[in-house]
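Student: So that you have it, the file is upload_13.csv, and it contains CSV, C-alpha atoms:
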chain,number,residue,atom,x,y,z
A,2,VAL,CA,0.0,0.0,0.0
A,3,LEU,CA,2.9,2.4,0.7
A,4,PRO,CA,4.3,3.9,-2.5
A,5,ASP,CA,7.6,2.4,-3.8
A,6,ARG,CA,9.5,5.6,-3.2
A,7,LEU,CA,8.4,5.6,0.5
A,8,ARG,CA,9.3,1.9,0.8
A,9,ALA,CA,12.8,2.7,-0.6
A,10,LEU,CA,13.1,5.6,1.9
A,11,ARG,CA,12.0,3.3,4.8
A,12,GLN,CA,14.6,0.7,3.8
A,13,LEU,CA,17.3,3.3,3.9
A,14,LEU,CA,16.2,4.8,7.2
A,15,SER,CA,16.1,1.3,8.8
A,16,ARG,CA,19.9,1.2,8.3
A,17,LEU,CA,20.4,3.9,10.9
A,18,PRO,CA,21.6,2.5,14.3
A,19,GLY,CA,18.7,1.3,16.5
A,20,VAL,CA,16.1,1.9,13.8
A,21,GLY,CA,13.9,-1.0,12.9
A,22,GLU,CA,11.2,-1.4,10.2
A,23,LYS,CA,8.5,0.2,12.5
A,24,THR,CA,10.5,3.2,13.5
A,25,ALA,CA,11.6,3.8,9.9
A,26,GLN,CA,8.0,3.7,8.8
A,27,ARG,CA,7.1,6.2,11.5
A,28,TYR,CA,9.8,8.5,10.2
A,29,VAL,CA,8.6,8.0,6.6
A,30,LEU,CA,5.0,8.8,7.4
A,31,PHE,CA,6.0,11.9,9.4
A,32,LEU,CA,8.3,13.1,6.6
A,33,ALA,CA,5.7,12.5,3.9
A,34,SER,CA,2.8,14.1,5.9
A,35,GLU,CA,4.7,17.1,7.4
A,36,ALA,CA,3.6,20.3,5.8
A,37,GLY,CA,7.0,22.1,6.1
A,38,THR,CA,10.2,21.6,4.3
A,39,LEU,CA,11.8,19.1,6.6
A,40,ALA,CA,12.2,16.3,3.9
A,41,ALA,CA,13.7,18.8,1.4
A,42,ASP,CA,16.0,20.4,4.0
A,43,LEU,CA,17.2,17.0,5.3
A,44,GLY,CA,17.7,15.8,1.8
A,45,ALA,CA,19.9,18.8,0.9
A,46,GLU,CA,21.9,18.5,4.1
A,47,LEU,CA,22.5,14.8,3.6
A,48,ALA,CA,23.4,15.2,0.0
A,49,LEU,CA,26.2,17.7,1.0
A,50,LEU,CA,27.6,15.4,3.7
A,51,PRO,CA,29.8,13.1,1.6
A,52,GLU,CA,31.7,15.9,0.0
A,53,ARG,CA,31.7,18.4,2.9
A,54,ILE,CA,32.6,16.1,5.8
A,55,ARG,CA,36.0,14.3,6.1
A,56,PRO,CA,38.1,12.8,8.9
A,57,CYS,CA,40.4,15.6,10.2
A,58,THR,CA,43.8,15.1,8.5
A,59,ARG,CA,45.6,15.4,11.8
A,60,CYS,CA,43.4,13.6,14.3
A,61,ARG,CA,40.7,11.8,12.4
A,62,ASN,CA,37.9,13.6,14.2
A,63,LEU,CA,35.1,14.7,11.9
A,64,ALA,CA,35.9,17.9,10.1
A,65,GLU,CA,34.4,20.2,7.5
A,66,VAL,CA,36.3,20.6,4.2
A,67,ASP,CA,37.3,24.3,3.8
A,68,GLU,CA,37.7,26.3,0.6
A,69,SER,CA,41.3,25.0,0.0
A,70,GLY,CA,40.1,21.4,0.3
A,71,ALA,CA,41.7,20.8,3.6
A,72,ALA,CA,39.9,19.2,6.5
A,73,LEU,CA,41.1,20.3,9.9
A,74,CYS,CA,38.7,19.8,12.9
A,75,ALA,CA,37.6,22.4,15.4
A,76,VAL,CA,40.0,21.0,18.1
A,77,CYS,CA,43.0,21.0,15.8
A,78,ARG,CA,42.2,24.5,14.6
A,79,ASP,CA,42.0,25.9,18.1
A,80,PRO,CA,45.3,27.6,19.0
A,81,ARG,CA,44.5,27.5,22.7
A,82,ARG,CA,44.9,23.7,22.9
A,83,ASP,CA,48.0,22.3,24.4
A,84,PRO,CA,49.8,20.4,21.6
A,85,SER,CA,52.0,18.6,24.0
A,86,LEU,CA,49.0,16.7,25.5
A,87,LEU,CA,47.4,14.0,23.2
A,88,CYS,CA,44.3,12.0,24.1
A,89,VAL,CA,43.8,8.8,22.2
A,90,VAL,CA,40.2,7.7,21.8
A,91,ALA,CA,38.6,4.8,19.8
A,92,ARG,CA,35.7,6.8,18.2
A,93,VAL,CA,34.5,10.3,17.5
A,94,GLN,CA,31.7,9.7,20.0
A,95,ASP,CA,34.3,9.1,22.7
A,96,LEU,CA,36.1,12.3,21.7
A,97,LEU,CA,32.8,14.2,22.0
A,98,ALA,CA,32.2,12.7,25.4
A,99,VAL,CA,35.7,13.7,26.7
A,100,GLU,CA,35.1,17.2,25.3
A,101,ARG,CA,31.9,17.4,27.3
A,102,SER,CA,33.8,16.6,30.5
A,103,LEU,CA,35.8,19.9,29.9
A,104,ALA,CA,38.8,18.0,31.5
A,105,MET,CA,40.9,17.8,28.4
A,106,ARG,CA,42.9,20.9,27.3
A,107,GLY,CA,45.1,19.0,24.8
A,108,ARG,CA,44.4,17.5,21.4
A,109,TYR,CA,43.1,14.1,20.2
A,110,PHE,CA,43.9,11.1,18.0
A,111,VAL,CA,40.9,9.0,16.9
A,112,LEU,CA,41.9,5.4,16.3
A,113,GLY,CA,38.7,4.5,14.5
A,114,ARG,CA,38.7,1.0,15.9
A,115,LEU,CA,40.0,-1.2,18.7
A,116,LEU,CA,42.0,-4.4,18.7
A,117,SER,CA,39.5,-7.2,18.5
A,118,PRO,CA,40.9,-10.7,17.8
A,119,LEU,CA,37.4,-12.2,17.6
A,120,ASP,CA,36.5,-9.8,14.8
A,121,GLY,CA,39.8,-10.3,13.1
A,122,VAL,CA,41.1,-6.8,14.0
A,123,GLY,CA,44.8,-7.1,14.7
A,124,PRO,CA,47.6,-4.5,15.2
A,125,ASP,CA,48.0,-4.0,11.5
A,126,GLU,CA,44.5,-2.7,11.3
A,127,LEU,CA,45.3,0.2,13.7
A,128,PRO,CA,46.8,3.5,12.5
A,129,LEU,CA,49.9,3.0,14.7
A,130,GLU,CA,52.3,4.6,12.3
A,131,ASP,CA,50.1,7.7,12.0
A,132,LEU,CA,50.0,7.9,15.8
A,133,VAL,CA,53.8,7.6,16.2
A,134,GLN,CA,54.3,10.2,13.5
A,135,ARG,CA,51.9,12.5,15.2
A,136,VAL,CA,53.6,12.2,18.6
A,137,ARG,CA,57.0,12.8,17.0
A,138,GLU,CA,56.1,15.7,14.8
A,139,ASP,CA,53.9,17.6,17.3
A,140,GLY,CA,56.2,17.6,20.3
A,141,VAL,CA,53.8,15.5,22.3
A,142,LYS,CA,54.9,15.1,25.9
A,143,GLU,CA,52.1,13.0,27.4
A,144,VAL,CA,49.7,10.6,25.7
A,145,ILE,CA,46.5,9.8,27.6
A,146,LEU,CA,45.1,6.5,26.5
A,147,ALA,CA,41.3,7.0,26.7
A,148,THR,CA,40.1,3.7,25.1
A,149,PRO,CA,37.2,2.2,27.0
A,150,PRO,CA,37.9,-0.1,30.0
A,151,SER,CA,36.6,-3.2,28.1
A,152,VAL,CA,38.7,-6.2,27.0
A,153,ASP,CA,39.3,-4.8,23.6
A,154,GLY,CA,39.9,-1.3,25.0
A,155,GLU,CA,42.5,-2.6,27.5
A,156,ALA,CA,44.3,-4.7,24.9
A,157,THR,CA,44.5,-1.7,22.6
A,158,ALA,CA,45.8,0.5,25.4
A,159,LEU,CA,48.5,-2.1,26.2
A,160,LEU,CA,49.5,-2.3,22.6
A,161,LEU,CA,49.7,1.5,22.2
A,162,ALA,CA,51.7,1.8,25.5
A,163,ARG,CA,54.3,-0.6,24.1
A,164,GLU,CA,54.5,1.2,20.7
A,165,LEU,CA,54.9,4.5,22.4
A,166,ALA,CA,57.4,3.3,25.0
A,167,SER,CA,60.5,4.0,22.9
A,168,LEU,CA,59.5,7.6,22.1
A,169,GLY,CA,60.3,9.1,25.5
A,170,VAL,CA,56.8,10.4,26.1
A,171,ALA,CA,54.8,9.9,29.3
A,172,VAL,CA,51.9,7.5,28.7
A,173,SER,CA,48.9,7.4,31.0
A,174,ARG,CA,45.6,5.6,31.1
A,175,ILE,CA,42.3,7.0,32.2
A,176,ALA,CA,41.0,5.8,35.6
A,177,SER,CA,38.5,3.0,35.9
A,178,GLY,CA,36.3,2.6,39.0
A,179,VAL,CA,32.9,3.2,40.5
A,180,PRO,CA,31.2,6.0,38.5
A,181,HIS,CA,30.1,9.3,40.0
A,182,GLY,CA,26.8,8.7,41.8
A,183,GLY,CA,27.3,5.0,41.5
A,184,ASP,CA,26.5,2.5,44.2
A,185,LEU,CA,29.1,0.1,45.6
A,186,GLU,CA,26.4,-2.5,46.3
A,187,PHE,CA,25.5,-2.7,42.6
A,188,SER,CA,29.0,-2.3,41.1
A,189,ASP,CA,30.3,-5.4,39.4
A,190,GLN,CA,33.4,-7.2,40.8
A,191,ILE,CA,35.8,-6.0,38.1
A,192,THR,CA,34.8,-2.4,38.5
A,193,LEU,CA,35.1,-2.6,42.3
A,194,GLY,CA,38.4,-4.4,42.0
A,195,ARG,CA,39.7,-1.7,39.7
A,196,ALA,CA,38.4,1.0,42.1
A,197,ILE,CA,40.4,-0.5,44.9
A,198,SER,CA,43.6,-1.3,43.0
A,199,GLY,CA,43.5,2.2,41.5
A,200,ARG,CA,43.0,3.9,44.8
A,201,ARG,CA,44.7,7.2,45.4
A,202,SER,CA,46.1,8.5,48.7
A,203,VAL,CA,44.1,11.1,50.5
A,204,GLU,CA,46.0,13.8,52.2
A,205,GLY,CA,44.5,15.1,55.4
A,206,PRO,CA,44.4,18.8,56.3
A,207,ARG,CA,47.8,20.2,57.4
B,9,VAL,CA,33.5,20.4,18.3
B,10,LEU,CA,31.0,19.0,15.8
B,11,PRO,CA,31.3,20.8,12.4
B,12,ASP,CA,28.5,23.3,11.7
B,13,ARG,CA,27.1,21.2,8.9
B,14,LEU,CA,26.7,18.2,11.2
B,15,ARG,CA,25.1,20.4,13.9
B,16,ALA,CA,22.6,21.5,11.3
B,17,LEU,CA,21.9,17.9,10.3
B,18,ARG,CA,21.5,16.9,13.9
B,19,GLN,CA,19.0,19.8,14.4
B,20,LEU,CA,16.9,18.6,11.4
B,21,LEU,CA,17.0,14.9,12.5
B,22,SER,CA,15.9,15.8,16.0
B,23,ARG,CA,12.6,17.0,14.5
B,24,LEU,CA,11.7,13.4,13.6
B,25,PRO,CA,9.1,11.9,16.0
B,26,GLY,CA,10.6,10.4,19.1
B,27,VAL,CA,14.1,11.6,18.2
B,28,GLY,CA,15.9,13.7,20.8
B,29,GLU,CA,19.3,15.5,20.6
B,30,LYS,CA,21.2,12.3,21.6
B,31,THR,CA,19.5,10.0,19.1
B,32,ALA,CA,20.0,12.6,16.4
B,33,GLN,CA,23.7,12.8,17.2
B,34,ARG,CA,24.0,9.1,17.0
B,35,TYR,CA,22.4,9.1,13.6
B,36,VAL,CA,24.7,12.0,12.5
B,37,LEU,CA,27.9,10.2,13.6
B,38,PHE,CA,26.8,7.0,11.9
B,39,LEU,CA,26.0,8.8,8.7
B,40,ALA,CA,29.2,10.8,8.8
B,41,SER,CA,31.4,7.7,9.6
B,42,GLU,CA,29.7,5.1,7.4
B,43,ALA,CA,31.9,4.2,4.5
B,44,GLY,CA,29.0,3.4,2.1
B,45,THR,CA,26.6,5.7,0.2
B,46,LEU,CA,23.8,5.8,2.8
B,47,ALA,CA,24.0,9.6,3.4
B,48,ALA,CA,24.0,10.3,-0.4
B,49,ASP,CA,21.2,7.8,-1.1
B,50,LEU,CA,19.1,9.0,1.8
B,51,GLY,CA,19.7,12.6,0.7
B,52,ALA,CA,18.6,11.9,-2.9
B,53,GLU,CA,15.5,10.0,-1.8
B,54,LEU,CA,14.4,12.7,0.6
B,55,ALA,CA,15.0,15.4,-2.0
B,56,LEU,CA,12.6,13.6,-4.3
B,57,LEU,CA,9.9,13.2,-1.7
B,58,PRO,CA,8.2,16.6,-1.8
B,59,GLU,CA,7.6,16.5,-5.6
B,60,ARG,CA,6.9,12.8,-5.9
B,61,ILE,CA,4.6,12.0,-3.0
B,62,ARG,CA,1.2,13.7,-2.6
B,63,PRO,CA,-2.0,12.8,-0.8
B,64,CYS,CA,-4.1,10.6,-3.1
B,65,THR,CA,-6.7,12.8,-4.9
B,66,ARG,CA,-9.5,10.4,-4.0
B,67,CYS,CA,-8.8,9.2,-0.5
B,68,ARG,CA,-5.9,11.3,0.9
B,69,ASN,CA,-3.7,8.2,1.4
B,70,LEU,CA,-0.1,8.8,0.4
B,71,ALA,CA,0.4,8.3,-3.3
B,72,GLU,CA,3.2,8.6,-5.9
B,73,VAL,CA,2.7,11.2,-8.6
B,74,ASP,CA,2.6,9.5,-12.0
B,75,GLU,CA,3.8,10.8,-15.4
B,76,SER,CA,0.6,12.6,-16.0
B,77,GLY,CA,0.9,14.5,-12.7
B,78,ALA,CA,-2.0,12.6,-11.1
B,79,ALA,CA,-1.6,11.0,-7.6
B,80,LEU,CA,-3.8,7.9,-7.1
B,81,CYS,CA,-2.8,5.6,-4.3
B,82,ALA,CA,-2.3,1.8,-4.6
B,83,VAL,CA,-5.7,1.1,-3.0
B,84,CYS,CA,-7.6,3.4,-5.3
B,85,ARG,CA,-5.8,2.0,-8.3
B,86,ASP,CA,-6.7,-1.6,-7.4
B,87,PRO,CA,-9.7,-2.7,-9.5
B,88,ARG,CA,-10.4,-5.7,-7.1
B,89,ARG,CA,-11.4,-3.4,-4.3
B,90,ASP,CA,-15.1,-3.1,-3.6
B,91,PRO,CA,-16.0,0.6,-4.3
B,92,SER,CA,-19.3,0.3,-2.3
B,93,LEU,CA,-17.5,-0.2,1.0
B,94,LEU,CA,-15.7,2.9,2.4
B,95,CYS,CA,-13.5,2.8,5.5
B,96,VAL,CA,-12.9,6.2,7.2
B,97,VAL,CA,-9.7,6.5,9.2
B,98,ALA,CA,-8.0,9.4,10.9
B,99,ARG,CA,-4.4,9.0,9.6
B,100,VAL,CA,-2.4,7.1,7.0
B,101,GLN,CA,-0.9,5.1,9.8
B,102,ASP,CA,-4.4,3.8,10.7
B,103,LEU,CA,-5.1,2.9,7.0
B,104,LEU,CA,-1.9,0.9,6.9
B,105,ALA,CA,-2.9,-0.9,10.2
B,106,VAL,CA,-6.3,-1.8,8.8
B,107,GLU,CA,-4.7,-3.0,5.6
B,108,ARG,CA,-2.4,-5.3,7.7
B,109,SER,CA,-5.5,-6.9,9.2
B,110,LEU,CA,-6.5,-8.1,5.7
B,111,ALA,CA,-10.1,-7.5,6.9
B,112,MET,CA,-10.9,-4.6,4.6
B,113,ARG,CA,-11.8,-5.3,1.0
B,114,GLY,CA,-13.2,-1.8,0.2
B,115,ARG,CA,-11.6,1.6,-0.1
B,116,TYR,CA,-10.6,4.3,2.3
B,117,PHE,CA,-11.0,8.0,3.2
B,118,VAL,CA,-8.3,9.6,5.3
B,119,LEU,CA,-9.7,12.5,7.4
B,120,GLY,CA,-6.2,13.8,8.3
B,121,ARG,CA,-7.4,14.8,11.8
B,122,LEU,CA,-10.0,14.3,14.5
B,123,LEU,CA,-12.4,16.7,16.1
B,124,SER,CA,-10.5,18.1,19.1
B,125,PRO,CA,-12.2,21.0,20.9
B,126,LEU,CA,-9.2,21.4,23.2
B,127,ASP,CA,-6.8,21.9,20.2
B,128,GLY,CA,-9.3,24.1,18.5
B,129,VAL,CA,-10.2,21.6,15.8
B,130,GLY,CA,-14.0,22.0,15.0
B,131,PRO,CA,-16.2,20.4,12.4
B,132,ASP,CA,-15.1,23.1,9.8
B,133,GLU,CA,-11.5,21.8,10.0
B,134,LEU,CA,-12.6,18.3,8.8
B,135,PRO,CA,-13.0,17.5,5.1
B,136,LEU,CA,-16.8,16.7,5.5
B,137,GLU,CA,-17.8,17.9,2.0
B,138,ASP,CA,-15.1,15.8,0.3
B,139,LEU,CA,-16.4,12.8,2.2
B,140,VAL,CA,-20.0,13.4,1.3
B,141,GLN,CA,-19.1,13.9,-2.3
B,142,ARG,CA,-17.0,10.7,-2.3
B,143,VAL,CA,-19.9,8.7,-0.9
B,144,ARG,CA,-22.4,10.2,-3.5
B,145,GLU,CA,-20.2,9.9,-6.5
B,146,ASP,CA,-18.7,6.4,-5.9
B,147,GLY,CA,-22.0,4.6,-5.1
B,148,VAL,CA,-20.9,3.8,-1.6
B,149,LYS,CA,-23.3,1.5,0.3
B,150,GLU,CA,-21.6,1.2,3.6
B,151,VAL,CA,-19.3,3.6,5.5
B,152,ILE,CA,-17.2,2.0,8.3
B,153,LEU,CA,-16.1,4.6,10.8
B,154,ALA,CA,-12.6,3.4,11.9
B,155,THR,CA,-11.6,6.5,14.0
B,156,PRO,CA,-9.9,5.4,17.2
B,157,PRO,CA,-12.0,4.6,20.3
B,158,SER,CA,-10.8,7.7,22.1
B,159,VAL,CA,-12.7,10.8,23.2
B,160,ASP,CA,-11.8,12.7,20.0
B,161,GLY,CA,-12.3,9.6,17.8
B,162,GLU,CA,-15.8,8.9,19.2
B,163,ALA,CA,-16.8,12.5,18.8
B,164,THR,CA,-15.6,12.5,15.2
B,165,ALA,CA,-17.5,9.2,14.5
B,166,LEU,CA,-20.6,10.7,15.9
B,167,LEU,CA,-20.3,13.8,13.8
B,168,LEU,CA,-19.6,11.8,10.6
B,169,ALA,CA,-22.6,9.5,11.4
B,170,ARG,CA,-24.9,12.6,11.5
B,171,GLU,CA,-23.5,14.0,8.3
B,172,LEU,CA,-23.9,10.7,6.5
B,173,ALA,CA,-27.4,10.0,7.9
B,174,SER,CA,-29.3,11.8,5.1
B,175,LEU,CA,-27.4,10.0,2.3
B,176,GLY,CA,-29.1,6.6,2.7
B,177,VAL,CA,-25.9,4.6,3.3
B,178,ALA,CA,-25.3,2.1,6.0
B,179,VAL,CA,-22.9,3.6,8.6
B,180,SER,CA,-21.0,1.3,11.0
B,181,ARG,CA,-18.5,1.7,13.8
B,182,ILE,CA,-15.5,-0.7,14.4
B,183,ALA,CA,-15.9,-2.7,17.6
B,184,SER,CA,-14.2,-1.7,20.8
B,185,GLY,CA,-13.5,-4.2,23.6
B,186,VAL,CA,-10.8,-6.4,25.2
B,187,PRO,CA,-8.0,-6.9,22.6
B,188,HIS,CA,-7.0,-10.3,21.3
B,189,GLY,CA,-4.7,-11.9,23.9
B,190,GLY,CA,-5.7,-9.3,26.4
B,191,ASP,CA,-6.5,-10.0,30.0
B,192,LEU,CA,-9.8,-9.0,31.6
B,193,GLU,CA,-8.1,-8.5,34.9
B,194,PHE,CA,-5.9,-5.7,33.5
B,195,SER,CA,-8.4,-4.2,31.1
B,196,ASP,CA,-9.6,-0.7,32.1
B,197,GLN,CA,-13.2,0.0,33.1
B,198,ILE,CA,-14.2,1.7,29.9
B,199,THR,CA,-12.8,-1.1,27.7
B,200,LEU,CA,-14.5,-3.8,29.7
B,201,GLY,CA,-17.7,-1.8,29.7
B,202,ARG,CA,-17.6,-1.5,26.0
B,203,ALA,CA,-16.8,-5.2,25.6
B,204,ILE,CA,-19.9,-6.0,27.5
B,205,SER,CA,-22.3,-3.4,26.0
B,206,GLY,CA,-21.0,-4.5,22.5
B,207,ARG,CA,-21.5,-8.2,23.2
B,208,ARG,CA,-22.7,-10.4,20.3
B,209,SER,CA,-25.0,-13.4,20.6
B,210,VAL,CA,-23.3,-16.7,20.3
B,211,GLU,CA,-25.2,-19.4,18.4
B,212,GLY,CA,-24.8,-22.9,19.7
B,213,PRO,CA,-24.4,-25.9,17.4
B,214,ARG,CA,-27.6,-26.9,15.6
Have the structure of the file written as structure tokens, please.
Tutor:
Amino acid sequence: VLPDRLRALRQLLSRLPGVGEKTAQRYVLFLASEAGTLAADLGAELALLPERIRPCTRCRNLAEVDESGAALCAVCRDPRRDPSLLCVVARVQDLLAVERSLAMRGRYFVLGRLLSPLDGVGPDELPLEDLVQRVREDGVKEVILATPPSVDGEATALLLARELASLGVAVSRIASGVPHGGDLEFSDQITLGRAISGRRSVEGPR
Amino acid sequence: VLPDRLRALRQLLSRLPGVGEKTAQRYVLFLASEAGTLAADLGAELALLPERIRPCTRCRNLAEVDESGAALCAVCRDPRRDPSLLCVVARVQDLLAVERSLAMRGRYFVLGRLLSPLDGVGPDELPLEDLVQRVREDGVKEVILATPPSVDGEATALLLARELASLGVAVSRIASGVPHGGDLEFSDQITLGRAISGRRSVEGPR
């Protein structure tokens, strides 16, 4: 009953993350019935995306292509960032999360993926050379490994720490433990074990 | 940190039903990182939508515009449909739901909205003349009022029944009661009341 064009649109929309057939149909009917210009605006914006958005040439964050054809992201363009501090993350999503914390005044390097033996992702699939080159050329003094505290994330952090060991830079790993507002009673064993092994000394008032 | 173009895209996507800022951002990052042609394909399909999809000129269902510029939906084009049976629904979504039931062999009329005094939708906002004209011209013998069993849906059904009374057609209302697989214990009072007042006689074996 749905016109072919709308069925094609539904099929494309159902490829978005977390979108099934039903949600896609809901979007399609909304877009087709909406009186405004949402479908047209969205169509124009999406059509521009492939040519206008590229991975940043320095850090692989998402960046807009400028007039000269270069793609440098907002963080790499910001002169107030400390170039000697480099935060390595797995994905752009993670970079955005670290930015929201306001705790990172340096720059980033987006790996794009994690080591994952089960999925056939070995060290050769990671951009290790690009990372080493970035550390060497930019005068990086400390690398913060902000891969997630999962099996793959820890393995990746270990590999990167080894690769970076010979470069004479400080390498650190983000802390893992009970999250802010979290309950010890409901924390899993590994999280609680990490919170304890990663404890920091508390200095009393002097 | 997100490029302006992607922020614009996120803002547009967050206008889809049930999509907030976070979900929109998830879609944006997926579309920007996906290696395939999803963004371009989706952009092309959405750009076509406003000129290619129109309300069906006969029933207001969604229809594709054909070469001659006419827009007749799949149901209205189907010669096997019984033109003497007309099902009135509020929205295209409801038409699709009735179609899925395989219980409707006639055609449809999509009102587009329900009476809603609280939202300022009175009888003048409903396409009553179009409906009456449709009933007269197509030799309709029975009109099934399939507006939802809500306050607004019932009020609309009552109004339509009055409007159609003088046309000499049978007018019926879809049944309301305990849904298939539903539990009497957890049915609300109104549903159970309707199930009882709408009871049908059961004939024993002869």
Student: Which chain B residues are at most 6 Å from chain A (counting all atoms listed in the file), as a VMD selection string?
Tutor: chain B and resid 9 11 47 to 48 51 54 to 55 71 to 72 82
Student: May I ask for the distance between CA of Ser202 (chain A) and CA of Val141 (chain A), given in Å to one decimal place?
Tutor: 28.4 Å
Student: Mind giving me the straight-line distance from CA of Arg137 (chain A) to CA of Pro84 (chain A) in Å, one decimal?
Tutor: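 These two atoms are separated by 11.4 Å.
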Student: As a list in words, please: the residues near Pro156 (chain B) (cut-off 10 Å, all atoms listed in the file, same-chain neighbours under 5 positions excluded).
Tutor: Val97, Ala98, Asp102, Leu122, Gly161, Glu162, Thr164, Ala165, Arg181, Ile182 and Ser184 of chain B
Student: Considering all atoms listed in the file, return as a PyMOL selection string whatever protein or nucleic-acid residues lie within 12 Å of Gly169 (chain A), sequence-local ones (same chain, fewer than 5 positions apart) excluded.
Tutor: chain A and resi 133+136-137+140-144+162-164
Student: Quick one: write out the picked residues with C-alpha atoms as a short mmCIF file (atom, residue, chain, number, x, y, z; two decimals), keeping the file's coordinate frame?
Tutor:
data_model
loop_
_atom_site.label_atom_id
_atom_site.label_comp_id
_atom_site.auth_asym_id
_atom_site.auth_seq_id
_atom_site.Cartn_x
_atom_site.Cartn_y
_atom_site.Cartn_z
CA VAL A 133 53.80 7.60 16.20
CA VAL A 136 53.60 12.20 18.60
CA ARG A 137 57.00 12.80 17.00
CA GLY A 140 56.20 17.60 20.30
CA VAL A 141 53.80 15.50 22.30
CA LYS A 142 54.90 15.10 25.90
CA GLU A 143 52.10 13.00 27.40
CA VAL A 144 49.70 10.60 25.70
CA ALA A 162 51.70 1.80 25.50
CA ARG A 163 54.30 -0.60 24.10
CA GLU A 164 54.50 1.20 20.70
#
Student: For CA of Asp90 (chain B) and CA of Met112 (chain B), quote the distance in Å rounded to one decimal.
Tutor: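 Here the two named atoms are 9.3 Å from each other.
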Student: As a ChimeraX atom specification, please: the residues near Leu136 (chain B) (cut-off 10 Å, all atoms listed in the file, same-chain neighbours under 3 positions excluded).
Tutor: /B:119,131-133,139-142,167-168,171-172
Student: Kindly provide, as JSON, the centre and edge lengths (Å, one decimal) of an axis-aligned box around all atoms of region 153-171 of chain A given in the file, with 8 Å on each side.
Tutor:
{"center_x": 49.9, "center_y": 2.8, "center_z": 25.0, "size_x": 37.2, "size_y": 31.2, "size_z": 24.6}
Student: Could you check the closest approach to Thr58 (chain A) for each of A:Val179, A:Val111, A:Cys88, A:Asp79 and tell me which residue wins, using all atoms listed in the file?
Tutor: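 Residue with the minimum atom-to-atom distance to Thr58 (chain A): A:Val111.
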